[in-house]
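Enquirer: What follows is a structure written as structure tokens; I'll ask about it next.
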Amino acid sequence: MVSRSVTNRPKNRPYFRNVIKRGLIINVLILLFTLHFSKAQGLKIKSSDGKPLEGAVVLFASIAGHQAEARFTDNEGEVKVPSFPYPMIRKVNLIGFVQHIDTVKTASEALTIIQLKSANVNFDEVTVTGSYIPGYQSNSVYNIDVINSKEIEQRAANNVKDLLSQEMNVNIANDGVLGSSMSIQGTGGQNVKFLIDGVPVIGRQNGNIDISQLNLSNIERVEIVKGPMSVLYGSDALGGVVNLITKTSSDQKLTGSLTGYYENVGHYNLDANVGWGFKKRSLSLDIGRNFFAGWSEYDSLRSQQWHPKEQYYGNFKYSGTVNGYKMILQSSIYDEKVINKGDPIITPYFAYANDQNYLTRRFTNAFSTDKRINDKSSWQMNLSYSYYRYVKNSYIKNMVDLTDQLTADPGDDDTTSMNGFFGRTVYNHNFSEKFVLLTGVDVNYEDAKGKKIDNSTHSMTDVAVYASLDYKPIENLTLRPSIRGIYNSQFNAPLVPSLNVLFKACNTLSVRASWSKGFRAPSIKEQYLFFVDISHNVRGNSDLIAEKSDNYNLSLEFKKAFGKRVFSIEPGVFYNNIFDQISLVEADANTALYTYINLDEFISKGGDVKARFVTERFQITGGAAYTGTWSTFEGDLDQPETAWYSEFNGSADYKFTKLNFTVSAYWRYIGEKPVYLLEGSNELVRTMNQAYQLVDFSVRKPLFKNHVTLSTGVKNIMDVTNVRSAVSGGAHSGGNDGTTAIGMGRSYFVKLILSL
């Protein structure tokens with residue numbers, strides 16, 4: 001940073017000030033002139049009710065000149081018509097609308113407005129994760145699961161933990177203090193990257209992001225990639241990526257909603273949203289409060305198994321287009337308070353309890369812009385700053401007058417804070433129908449400080465360049481070789497290559513295959529964590545080395561339409577081999593001390609199949625998975641056999657058109673899972689985690705011309721609370737046979753949405 005002294009100001013400052021003012025005025029006038037006259041006259045694509053449709057793909061093909069070109073509509077639904085010889089064929093495609101095809105003979109006919117009719121079956125989703133530009137899910141080289149806004153509403157999900165609890169090959173773990181974490185295909189949450197509009201989420205506890213803190217109030221859809229994405233998204237993406245896509249107000253009007261949610265286990269939520277779209281700009285603001293009173297399966301004097309929790313959040317988003325640059329500015333803040341109440345201690349002289357409060361704050365600012373430079377090139381940039389703070393306070397609660405007082409021991413309190421800076425720029429160029437090149441640069445900086453971070457400040461910088469090429473040797477085959485070069489300020493990072501293949505054998509059958517290397521640098525917390533309280537004794541390890549991996553995936557997708565009905569089935573297999581995996585293990589049984597070490601090897605492998613049948617009013621899905629894990633213990637002891645476990649899931653939705661309401665049911669079964677634990681005598685002990693199943697049911701009814709939406713239902717119908725499982729600090733550490741909290745038993749909910 002260059003500093004300028006006040007004493008060094010030039011004497012002729014007024015002159016330069018006038019020059020600057022004149023220059024600014026001239027530039028503003030030029031900008032206004034350009035914005036007014038640069039808009040080329042083009043074809044407009046609208047919906048049947050007259051709303052402009054952004055992102056429609058328009059294919060122009062000249063019959064006489066044998067020329068063809070595909071273009072995208074802007075946020076006003078407009079696209080420039082190429083100067084091809086007439087007559088010209090036009091083909092318009094947009095998800096959720098019936099394809100439009102016609103032939104035009106003159107330039108005046110080419111500029112007429114096209115209104116698309118809504119399709120009865122909306123099956124193929126638009127995705128952005130891992131893509132050069134937004135595109136159809138079926139055209140992605142990756143296996144991407146999409147949960148759209150309709151499904152989020154039908155599941156009555158308030159956060160990512162609620163939403164993913166029914167997803168196959170995704171397992172959720174709960175901790176009263178650290179929150180909820182997840183694993184994908186047997187690979188732990190420390191290897192799953194969480195993004196919000198492509199911006200990494202920081203603030204991991206025990207290596208995991210607390211997914212109960214990721215609110216869904218302003219989320220349009222969630223995209224899940226199961227398998228490594230290290231080439232495009234860097235560290236923490238060995239196991240997969242979960243990308244939350246936020247809503248954007250695009251209508252030319254004022255919108256607003258008020259949402260209330262009640263669940264009889266102690267949930268009381270309230271959320272308000274307002275949006276405003278005008279010309280090429282839109283604004284949205286979302287604020288809310290989630291309150292949970294706490295819950296326990298068994299009666300206790302005061303302590304609760306699921307701790308009371310209060311969350312406040314706010315999200316602001318601005319989007320606009322200026323001179324072809326689409327810009328988005330976002331700001332979000334999140335506050336959470338978790339109270340761990342202790343049981344009363346009563347003596348002849350006084351009564352008190354030991355309580356802990358855990359306070360979390362997240363604050364994120366993000367800016368993104370993209371521009372379609374021409375019909376063959378586009379450019380994107382993302383910049384963000386994230387702040388995370390985690391505070392633990394210990395109190396003595398006077399049970400007579402209910403006053404609080406901080407404990408005398410300074411070691412009972414702690415504040416940990418983190419800062420994250422992220423920057424990405426991507427350039428995409430379409431050389432021809434056979435070659436599309438993407439190049440990019442990522443910069444990540446993260447620092448952390450606090451008592452839990454070795455009572456010091458530590459930082460890590462990661463800079464990467466990557467390139468990816470789509471090569472189509474034939475029309476139905478796409479080969480995507482990619483490579484990522486990484487500089488890490490603390491660890492030697494290798495080149496990370498990958499190869500993805502998409503082969504569309506015919507209109508109904510697609511084959512996807514991939515091989516990918518992976519790399520994950522140990523996080524700051526894994527190196528320097530110091531987390532010691534009544535329930536935890538976890539310490540970091542500064543001698544850790546980086547993880548590396550090989551991953552293989554193969555899947556088929558068969559999709560067939562029968563009029564207004566669509567059937568699909570997708571079988572697949574995967575194999576993931578992680579070297580020097582970082583795991584939390586018990587280092588001292590006497591003090592219950594856990595620390596992080598590099599295990600020699602960890603393998604997860606298996607297969608799954610999912611099927612889906614969709615009609616105009618009915619939809620049913622089902623799936624099955626068989627997953628196995630294998631690892632070494634403390635570097636020299638091999639697990640005797642692969643631990644295999646099965647799971648099944650299913651869902652059904654039916655819309656009663658005359659009464660205009662939808663019923664939904666969700667079911668998931670997780671089978672018995674073998675777990676190997678290393679006991680103090682260095683002997684492997686095999687135990688079995690108990691099987692369980694989750695069943696939810698809901699009814700959704702719009703009222704008063706969709707201005708009111710009422711949802712109600714039952715969650716956890718099978719009344720699952722705690723299941724028998726190995727309780728330990730990690731999958732490869734010693735522990736005792738006990739129980740793990742899965743749910744809060746059967747509950748009933750009601751959700752009411754009031755919309756403008």
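Ligands are numbered from 1 in the order shown, residues from 1 within each chain, and chains are lettered A, B, ... in the order they appear in the structure tokens.
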Please list as a ChimeraX atom specification every residue within 10 Å of Ile152 (chain A), counting only C-alpha atoms and excluding residues in the same chain fewer than 5 positions away.

Expert: /A:147,157-160,162-163,216-217,219-222

Enquirer: How about saving the chosen residues, all heavy atoms kept, as a compact mmCIF listing (two decimals), in the first residue's frame?

Expert:
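Everything below was put into part-v9.txt:
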# COMPACT_ATOMS: atom_id res chain seq x y z
N ILE A 147 -31.14 -30.54 -6.20
CA ILE A 147 -32.34 -30.42 -5.37
C ILE A 147 -32.87 -29.01 -5.59
O ILE A 147 -32.26 -28.03 -5.15
CB ILE A 147 -32.03 -30.65 -3.88
CG1 ILE A 147 -31.34 -32.01 -3.69
CG2 ILE A 147 -33.30 -30.60 -3.06
CD1 ILE A 147 -30.89 -32.26 -2.27
N ALA A 157 -37.47 -28.31 4.55
CA ALA A 157 -36.11 -28.25 5.07
C ALA A 157 -35.75 -26.81 5.42
O ALA A 157 -36.00 -25.89 4.63
CB ALA A 157 -35.12 -28.79 4.04
N ASN A 158 -35.17 -26.61 6.61
CA ASN A 158 -34.75 -25.28 7.03
C ASN A 158 -33.27 -25.03 6.81
O ASN A 158 -32.84 -23.89 6.71
CB ASN A 158 -35.07 -25.10 8.52
CG ASN A 158 -36.55 -25.19 8.82
OD1 ASN A 158 -37.35 -24.42 8.29
ND2 ASN A 158 -36.95 -26.15 9.65
N ASN A 159 -32.47 -26.10 6.76
CA ASN A 159 -31.03 -25.97 6.56
C ASN A 159 -30.52 -27.16 5.78
O ASN A 159 -31.28 -28.09 5.46
CB ASN A 159 -30.30 -25.82 7.91
CG ASN A 159 -30.66 -26.93 8.88
OD1 ASN A 159 -30.53 -28.10 8.57
ND2 ASN A 159 -31.13 -26.55 10.06
N VAL A 160 -29.23 -27.15 5.45
CA VAL A 160 -28.66 -28.21 4.62
C VAL A 160 -28.72 -29.56 5.33
O VAL A 160 -28.90 -30.60 4.69
CB VAL A 160 -27.22 -27.84 4.23
CG1 VAL A 160 -26.54 -29.00 3.51
CG2 VAL A 160 -27.21 -26.60 3.34
N ASP A 162 -31.13 -30.68 7.31
CA ASP A 162 -32.47 -31.22 7.08
C ASP A 162 -32.62 -31.73 5.65
O ASP A 162 -33.21 -32.78 5.41
CB ASP A 162 -33.52 -30.13 7.33
CG ASP A 162 -33.56 -29.68 8.78
OD1 ASP A 162 -33.06 -30.41 9.65
OD2 ASP A 162 -34.06 -28.57 9.04
N LEU A 163 -32.07 -30.98 4.70
CA LEU A 163 -32.26 -31.29 3.29
C LEU A 163 -31.57 -32.58 2.88
O LEU A 163 -32.10 -33.37 2.11
CB LEU A 163 -31.76 -30.12 2.44
CG LEU A 163 -32.00 -30.22 0.94
CD1 LEU A 163 -33.49 -30.15 0.62
CD2 LEU A 163 -31.26 -29.12 0.20
N LEU A 216 -31.43 -22.22 4.33
CA LEU A 216 -31.97 -22.38 2.97
C LEU A 216 -33.01 -21.31 2.61
O LEU A 216 -33.66 -21.42 1.58
CB LEU A 216 -32.62 -23.76 2.82
CG LEU A 216 -31.69 -24.96 2.99
CD1 LEU A 216 -32.50 -26.26 2.96
CD2 LEU A 216 -30.63 -24.99 1.90
N SER A 217 -33.16 -20.28 3.42
CA SER A 217 -34.23 -19.31 3.20
C SER A 217 -34.09 -18.58 1.87
O SER A 217 -35.09 -18.22 1.25
CB SER A 217 -34.26 -18.30 4.34
OG SER A 217 -33.04 -17.58 4.41
N ILE A 219 -32.14 -19.81 -0.80
CA ILE A 219 -31.49 -20.75 -1.72
C ILE A 219 -32.47 -21.22 -2.79
O ILE A 219 -33.57 -21.67 -2.49
CB ILE A 219 -30.92 -21.96 -0.95
CG1 ILE A 219 -29.88 -21.49 0.07
CG2 ILE A 219 -30.31 -22.96 -1.91
CD1 ILE A 219 -28.71 -20.72 -0.53
N GLU A 220 -32.05 -21.10 -4.04
CA GLU A 220 -32.87 -21.53 -5.18
C GLU A 220 -32.74 -23.03 -5.42
O GLU A 220 -33.72 -23.71 -5.70
CB GLU A 220 -32.45 -20.76 -6.43
CG GLU A 220 -33.16 -21.17 -7.71
CD GLU A 220 -34.63 -20.79 -7.70
OE1 GLU A 220 -34.99 -19.82 -7.01
OE2 GLU A 220 -35.41 -21.47 -8.38
N ARG A 221 -31.52 -23.55 -5.32
CA ARG A 221 -31.30 -24.99 -5.51
C ARG A 221 -29.94 -25.36 -4.92
O ARG A 221 -29.10 -24.50 -4.64
CB ARG A 221 -31.34 -25.36 -7.01
CG ARG A 221 -30.21 -24.78 -7.83
CD ARG A 221 -30.38 -25.12 -9.30
NE ARG A 221 -29.25 -24.70 -10.11
CZ ARG A 221 -29.09 -23.47 -10.59
NH1 ARG A 221 -30.02 -22.55 -10.36
NH2 ARG A 221 -28.03 -23.16 -11.31
N VAL A 222 -29.76 -26.65 -4.72
CA VAL A 222 -28.51 -27.19 -4.19
C VAL A 222 -27.99 -28.21 -5.18
O VAL A 222 -28.72 -29.12 -5.60
CB VAL A 222 -28.71 -27.84 -2.81
CG1 VAL A 222 -27.42 -28.46 -2.31
CG2 VAL A 222 -29.23 -26.81 -1.80

Enquirer: Give me the residues within 8 Å of region 463-473 of chain A as a list in words, counting only C-alpha atoms and dropping any in the same chain fewer than 4 places off.

Expert: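 Neighbouring residues, sequence-local ones excluded: Val231, Leu232, Gly234, Glu433, Lys434, Phe435, Val436, Leu437, Leu438, Thr439, Gly440, Val441, Asp442, Val443, Asn444, Leu477, Thr478, Leu479, Arg480, Pro481, Ser482, Ile483, Arg484, Gly485, Ile486, Tyr487 and Asn488 of chain A.
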
Enquirer: Name the residues in contact with region 605-616 of chain A at a cut-off of 8 Å, using only C-alpha atoms, excluding same-chain residues fewer than 5 positions from it; report them as a ChimeraX atom specification.

Expert: /A:120-121,123,185-186,564-576,621-629

Enquirer: To one decimal place, how far is CA of Ser711 (chain A) from CA of Val699 (chain A) in Å?

Expert: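 Straight-line distance from CA of Ser711 (chain A) to CA of Val699 (chain A) works out to 5.5 Å.
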
Enquirer: Pick the closest to Asn455 (chain A) from A:Phe579, A:Tyr427, A:Trp276, A:Phe530: which is it, counting only C-alpha atoms?

Expert: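 Of the candidates, the smallest distance to Asn455 (chain A) is held by A:Phe530.
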
Enquirer: Give me the residues within 10 Å of Ala68 (chain A) as an mmCIF file with N, CA and C atoms, in the first residue's frame, counting only C-alpha atoms and dropping any in the same chain fewer than 5 places off.

Expert:
data_model
loop_
_atom_site.group_PDB
_atom_site.id
_atom_site.type_symbol
_atom_site.label_atom_id
_atom_site.label_comp_id
_atom_site.auth_asym_id
_atom_site.auth_seq_id
_atom_site.Cartn_x
_atom_site.Cartn_y
_atom_site.Cartn_z
ATOM 1 N N LEU A 59 -30.910 -21.474 -31.555
ATOM 2 C CA LEU A 59 -30.075 -21.960 -32.654
ATOM 3 C C LEU A 59 -30.575 -21.378 -33.963
ATOM 4 N N PHE A 60 -29.693 -20.642 -34.665
ATOM 5 C CA PHE A 60 -30.000 -20.090 -35.981
ATOM 6 C C PHE A 60 -29.264 -20.925 -37.038
ATOM 7 N N ALA A 61 -29.972 -21.341 -38.078
ATOM 8 C CA ALA A 61 -29.354 -22.136 -39.145
ATOM 9 C C ALA A 61 -29.866 -21.650 -40.495
ATOM 10 N N SER A 62 -28.942 -21.244 -41.363
ATOM 11 C CA SER A 62 -29.306 -20.779 -42.701
ATOM 12 C C SER A 62 -29.429 -21.967 -43.642
ATOM 13 N N ILE A 63 -30.569 -22.059 -44.297
ATOM 14 C CA ILE A 63 -30.776 -23.171 -45.229
ATOM 15 C C ILE A 63 -29.932 -22.980 -46.483
ATOM 16 N N PRO A 82 -28.006 -13.343 -36.045
ATOM 17 C CA PRO A 82 -26.823 -13.280 -36.921
ATOM 18 C C PRO A 82 -27.201 -12.909 -38.350
ATOM 19 N N PHE A 84 -27.105 -14.106 -41.286
ATOM 20 C CA PHE A 84 -27.059 -15.248 -42.191
ATOM 21 C C PHE A 84 -27.998 -15.003 -43.370
ATOM 22 N N MET A 88 -34.086 -18.914 -42.928
ATOM 23 C CA MET A 88 -33.343 -19.314 -41.739
ATOM 24 C C MET A 88 -34.252 -20.111 -40.803
ATOM 25 N N ILE A 89 -33.704 -21.194 -40.245
ATOM 26 C CA ILE A 89 -34.429 -22.004 -39.260
ATOM 27 C C ILE A 89 -34.068 -21.521 -37.859
ATOM 28 N N ARG A 90 -35.076 -21.349 -36.984
ATOM 29 C CA ARG A 90 -34.847 -20.968 -35.591
ATOM 30 C C ARG A 90 -35.343 -22.092 -34.673
#

Enquirer: Tell me which protein, DNA and RNA residues are within 9 Å of region 401-412 of chain A, counting only C-alpha atoms, leaving out same-chain ones fewer than 6 positions away, and put them as a PDB file with C-alpha atoms, in the first residue's frame.

Expert:
ATOM      1  CA  TYR A 352     -25.629 -23.817  41.007  1.00  0.00           C
ATOM      2  CA  ASN A 354     -22.122 -25.193  35.099  1.00  0.00           C
ATOM      3  CA  ASP A 355     -23.210 -23.823  31.697  1.00  0.00           C
ATOM      4  CA  GLN A 356     -21.381 -23.144  28.451  1.00  0.00           C
ATOM      5  CA  LYS A 392     -16.947 -20.278  24.107  1.00  0.00           C
ATOM      6  CA  ASN A 393     -17.949 -18.813  27.494  1.00  0.00           C
ATOM      7  CA  SER A 394     -18.289 -20.830  30.707  1.00  0.00           C
ATOM      8  CA  TYR A 395     -20.685 -19.659  33.411  1.00  0.00           C
ATOM      9  CA  LYS A 451      -6.609 -20.107  22.214  1.00  0.00           C
ATOM     10  CA  VAL A 532     -10.298 -28.891  25.625  1.00  0.00           C
ATOM     11  CA  ASP A 533     -13.490 -28.708  27.707  1.00  0.00           C
TER      12      ASP A 533
END

Enquirer: Could you go through region 121-265 of chain A and tell me which residues DSSP, when run on the backbone, assigns to strand (DSSP E or B), listing them as a PyMOL selection string?

Expert: chain A and resi 126-127+135-136+144-148+159+170-175+179-184+187+192-196+199-200+205+208+215+219-226+240-246+254-263

Enquirer: Can you list, as a VMD selection string, all residues belonging to region 487-698 of chain A that DSSP tags as alpha helix (DSSP H)?

Expert: chain A and resid 524 to 528

Enquirer: Can you write just those residues out, all heavy atoms, as a PDB file, in the first residue's frame?

Expert:
ATOM      1  N   ILE A 524      -5.542 -25.317   9.035  1.00  0.00           N
ATOM      2  CA  ILE A 524      -4.875 -24.675  10.175  1.00  0.00           C
ATOM      3  C   ILE A 524      -5.312 -25.333  11.476  1.00  0.00           C
ATOM      4  O   ILE A 524      -4.494 -25.575  12.372  1.00  0.00           O
ATOM      5  CB  ILE A 524      -5.190 -23.169  10.180  1.00  0.00           C
ATOM      6  CG1 ILE A 524      -4.550 -22.493   8.959  1.00  0.00           C
ATOM      7  CG2 ILE A 524      -4.705 -22.505  11.465  1.00  0.00           C
ATOM      8  CD1 ILE A 524      -4.898 -21.029   8.807  1.00  0.00           C
ATOM      9  N   LYS A 525      -6.591 -25.658  11.581  1.00  0.00           N
ATOM     10  CA  LYS A 525      -7.068 -26.265  12.818  1.00  0.00           C
ATOM     11  C   LYS A 525      -6.513 -27.666  13.007  1.00  0.00           C
ATOM     12  O   LYS A 525      -6.228 -28.089  14.133  1.00  0.00           O
ATOM     13  CB  LYS A 525      -8.597 -26.286  12.834  1.00  0.00           C
ATOM     14  CG  LYS A 525      -9.205 -24.933  13.155  1.00  0.00           C
ATOM     15  CD  LYS A 525     -10.631 -25.066  13.627  1.00  0.00           C
ATOM     16  CE  LYS A 525     -11.141 -23.746  14.175  1.00  0.00           C
ATOM     17  NZ  LYS A 525     -12.494 -23.863  14.741  1.00  0.00           N
ATOM     18  N   GLU A 526      -6.384 -28.432  11.931  1.00  0.00           N
ATOM     19  CA  GLU A 526      -5.814 -29.770  12.072  1.00  0.00           C
ATOM     20  C   GLU A 526      -4.362 -29.716  12.541  1.00  0.00           C
ATOM     21  O   GLU A 526      -3.886 -30.633  13.212  1.00  0.00           O
ATOM     22  CB  GLU A 526      -5.914 -30.524  10.751  1.00  0.00           C
ATOM     23  CG  GLU A 526      -7.327 -30.971  10.412  1.00  0.00           C
ATOM     24  CD  GLU A 526      -7.446 -31.529   9.015  1.00  0.00           C
ATOM     25  OE1 GLU A 526      -6.654 -31.124   8.135  1.00  0.00           O
ATOM     26  OE2 GLU A 526      -8.328 -32.371   8.789  1.00  0.00           O
ATOM     27  N   GLN A 527      -3.685 -28.648  12.211  1.00  0.00           N
ATOM     28  CA  GLN A 527      -2.290 -28.512  12.634  1.00  0.00           C
ATOM     29  C   GLN A 527      -2.156 -27.939  14.043  1.00  0.00           C
ATOM     30  O   GLN A 527      -1.279 -28.365  14.807  1.00  0.00           O
ATOM     31  CB  GLN A 527      -1.537 -27.603  11.663  1.00  0.00           C
ATOM     32  CG  GLN A 527      -1.457 -28.124  10.244  1.00  0.00           C
ATOM     33  CD  GLN A 527      -0.767 -27.121   9.340  1.00  0.00           C
ATOM     34  OE1 GLN A 527       0.446 -26.942   9.403  1.00  0.00           O
ATOM     35  NE2 GLN A 527      -1.539 -26.461   8.509  1.00  0.00           N
ATOM     36  N   TYR A 528      -3.016 -26.984  14.401  1.00  0.00           N
ATOM     37  CA  TYR A 528      -2.775 -26.217  15.624  1.00  0.00           C
ATOM     38  C   TYR A 528      -3.963 -26.194  16.592  1.00  0.00           C
ATOM     39  O   TYR A 528      -3.940 -25.434  17.560  1.00  0.00           O
ATOM     40  CB  TYR A 528      -2.409 -24.774  15.257  1.00  0.00           C
ATOM     41  CG  TYR A 528      -1.257 -24.684  14.292  1.00  0.00           C
ATOM     42  CD1 TYR A 528      -1.461 -24.331  12.958  1.00  0.00           C
ATOM     43  CD2 TYR A 528       0.039 -24.973  14.698  1.00  0.00           C
ATOM     44  CE1 TYR A 528      -0.407 -24.254  12.065  1.00  0.00           C
ATOM     45  CE2 TYR A 528       1.102 -24.900  13.812  1.00  0.00           C
ATOM     46  CZ  TYR A 528       0.867 -24.537  12.492  1.00  0.00           C
ATOM     47  OH  TYR A 528       1.918 -24.469  11.613  1.00  0.00           O
TER      48      TYR A 528
END

Enquirer: If we count only C-alpha atoms, what is near region 506-520 of chain A at a cut-off of 9 Å, once residues fewer than 4 positions away on the same chain are taken out, given as an MDAnalysis selection string?

Expert: chainID A and resid 138 141:143 191 227:231 234:238 476 493:502 546:561 568 578

Enquirer: Go through A:Ser180, A:Ser747, A:Ser489, A:Ser47 one by one, measure the shortest atom-to-atom distance of each to Trp295 (chain A) using only C-alpha atoms, and give the residue with the smallest value.

Expert: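 Checking each of A:Ser180, A:Ser747, A:Ser489, A:Ser47 against Trp295 (chain A), counting only C-alpha atoms, the winner is A:Ser747.
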
Enquirer: In Å, rounded to a single decimal, give me how far CA of Ile184 (chain A) is from CA of Asn206 (chain A).

Expert: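 Here the two named atoms are 16.7 Å from each other.
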
Enquirer: Using only C-alpha atoms for the distances, tell me which of A:Gln619, A:Asn706, A:Asn208, A:Asn243 is nearest to Ala665 (chain A).

Expert: A:Gln619

Enquirer: Set the distance at 6 Å and use only C-alpha atoms: which residues neighbour Ile670 (chain A) once local chain neighbours fewer than 3 positions away are removed? I'd like the list as a PyMOL selection string.

Expert: chain A and resi 647+691-692

Enquirer: Let me see the file: selected residues, C-alpha atoms, as a PDB file, in the first residue's frame.

Expert:
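Resulting contents of result-v8.pdb:
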ATOM      1  CA  GLU A 647     -28.771 -48.235   2.139  1.00  0.00           C
ATOM      2  CA  ALA A 691     -29.577 -50.072  11.245  1.00  0.00           C
ATOM      3  CA  TYR A 692     -32.331 -47.464  11.179  1.00  0.00           C
TER       4      TYR A 692
END

Enquirer: Between CA of Asn169 (chain A) and CA of Glu683 (chain A), what is the distance in Å, rounded to a tenth?

Expert: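 Computing it gives 29.6 Å between the two atoms.
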
Enquirer: Which one is closest to Val663 (chain A): A:Ser378, A:Ile753, A:Trp630, A:Glu153? Count only C-alpha atoms.

Expert: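 Under the stated criterion, the closest residue is A:Glu153.
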
Enquirer: Just checking: using only C-alpha atoms, which residue out of A:Val81, A:Val57, A:Phe316, A:Gly188 ends up closest to Phe602 (chain A)?

Expert: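 Counting only C-alpha atoms, the residue closest to Phe602 (chain A) is A:Gly188.
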